[in-house]
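S.K.: Take a look at this one; I'll ask things after.
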Amino acid sequence: MESLWRAATGADPNPEDYEGIEFWSNPERTGWLTKQGEYIKTWRRRWFVLKQGKLFWFKDSHISRASKPRGVIPVSKCLTVKGAEDVLNKQYAFELSTSQDTMYFIADSEKEKEEWINSIGRSIVQHSRSVTDTEVVDYDSRR
């Protein structure tokens with residue numbers, strides 16, 4: 001599986017990663033978050049957009065059809081999203097993890113942190129491939 005960091009921090013995200021997603025129109029959630037870089041561990045403030053199972057980020061909040069994301073995270077590859085203040089020793093921090101990688105973010109308030117965790121968590125469940133229709137067992141039908 002491609003690393004979350006590689007998927008999320010490519011200098012030029014592959015347009016196929018977001019083909020058909022109108023990230024500029026009616027996103028599920030938007031807002032400023034501070035994210036940590038993969039190689040140079042500096043913190044940078046970015047505008048994030050959650051839409052159709054993808055978490056995009058941009059340098060500024062003026063998003064249009066012509067905008068190019070700085071990065072894209074496919075949330076279907078993510079397993080958990082949870083608070084990370086204790087890990088980073090930073091207020092309003094949270095983490096997004098796959099089986100191989102973890103990315104850290106800092107929101108501007110506790111309320112925004114919780115809203116991002118809830119929105120991303122819902123998206124993970126909606127877009128997860130961990131359970132397919134053929135794997136679902138209907139226990140009620142066995143009675």
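All residue names refer to the structure tokens as shown: chains lettered A, B, ... in order, residues numbered from 1 in each chain, ligands numbered from 1 in order.
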Which residues are near A:Thr102? Cut-off 12 Å, only C-alpha atoms, ignore same chain within fewer than 3 positions. Put them as a ChimeraX atom specification.

M.R.: /A:3-6,8,35-38,73,77-82,84,87,94-99,105

S.K.: I need the strand (DSSP E) residues of stretch 58-107 of chain A per DSSP on the backbone, written as number ranges by chain.

M.R.: A: 58, 71-74, 80-83, 93-97, 102-106

S.K.: Using C-alpha atoms, can you write the selected residues to a file as an mmCIF file, in the first residue's frame?

M.R.:
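And here is the file that came out, out-v5.cif:
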```
data_model
loop_
_atom_site.group_PDB
_atom_site.id
_atom_site.type_symbol
_atom_site.label_atom_id
_atom_site.label_comp_id
_atom_site.auth_asym_id
_atom_site.auth_seq_id
_atom_site.Cartn_x
_atom_site.Cartn_y
_atom_site.Cartn_z
ATOM 1 C CA PHE A 58 -4.261 24.184 0.025
ATOM 2 C CA GLY A 71 -1.889 17.307 -0.905
ATOM 3 C CA VAL A 72 -4.674 14.717 -0.786
ATOM 4 C CA ILE A 73 -5.318 12.017 1.817
ATOM 5 C CA PRO A 74 -7.693 9.204 0.846
ATOM 6 C CA THR A 80 -8.190 6.019 13.205
ATOM 7 C CA VAL A 81 -8.559 9.695 13.927
ATOM 8 C CA LYS A 82 -8.173 10.768 17.559
ATOM 9 C CA GLY A 83 -6.851 13.438 19.883
ATOM 10 C CA ALA A 93 -3.738 18.334 18.403
ATOM 11 C CA PHE A 94 -5.124 15.244 16.688
ATOM 12 C CA GLU A 95 -3.761 12.416 14.591
ATOM 13 C CA LEU A 96 -4.869 10.532 11.490
ATOM 14 C CA SER A 97 -3.397 7.023 11.134
ATOM 15 C CA THR A 102 0.471 8.769 11.317
ATOM 16 C CA MET A 103 -0.056 12.431 10.424
ATOM 17 C CA TYR A 104 -0.526 15.136 13.032
ATOM 18 C CA PHE A 105 -2.696 18.240 12.897
ATOM 19 C CA ILE A 106 -3.465 21.134 15.228
#
```

S.K.: Calculated over only C-alpha atoms, which of the candidates A:Ser123, A:Gln100, A:Thr34, A:Ser25 has the smallest distance to A:Trp57?

M.R.: A:Thr34

S.K.: So the first atom is atom CA of A:Glu115 and the second is atom CA of A:Arg29; what is the distance between them in Å, to one decimal place?

M.R.: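 Atom-to-atom, atom CA of A:Glu115 and atom CA of A:Arg29 are spaced 8.9 Å apart.
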
S.K.: Between atom CA of A:Glu16 and atom CA of A:Ile63, what distance in Å does the model show, to one decimal?

M.R.: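 Atom CA of A:Glu16 sits 18.6 Å away from atom CA of A:Ile63.
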
S.K.: Leaving out A:Lys59 and any residue of its chain fewer than 2 positions from it, which residues lie within 8 Å of it when counting only C-alpha atoms, given as a ChimeraX atom specification?

M.R.: /A:45-47,57,61,70

S.K.: So which one's closest to A:Lys90, A:His127, A:Lys51, A:Asp108, A:Ser76? Using only C-alpha atoms, please.

M.R.: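 Among the listed residues, the smallest separation from A:Lys90 belongs to A:Asp108.
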
S.K.: Give me, please, the distance in Å between atom CA of A:Glu22 and atom CA of A:Ile117, quoted to one decimal.

M.R.: 22.2 Å

S.K.: Rank A:Leu33, A:Ala66, A:Val75, A:Val49 by their smallest atom-to-atom distance to A:Gly121, using only C-alpha atoms, and report the top residue only.

M.R.: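 Of all the options, A:Val75 lies closest to A:Gly121.
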
S.K.: Run DSSP on the backbone and tell me which residues of chain A come out as helix (DSSP H, G or I); list them as a ChimeraX atom specification.

M.R.: /A:4-9,15-18,75-77,85-88,110-127,133-135,139-142
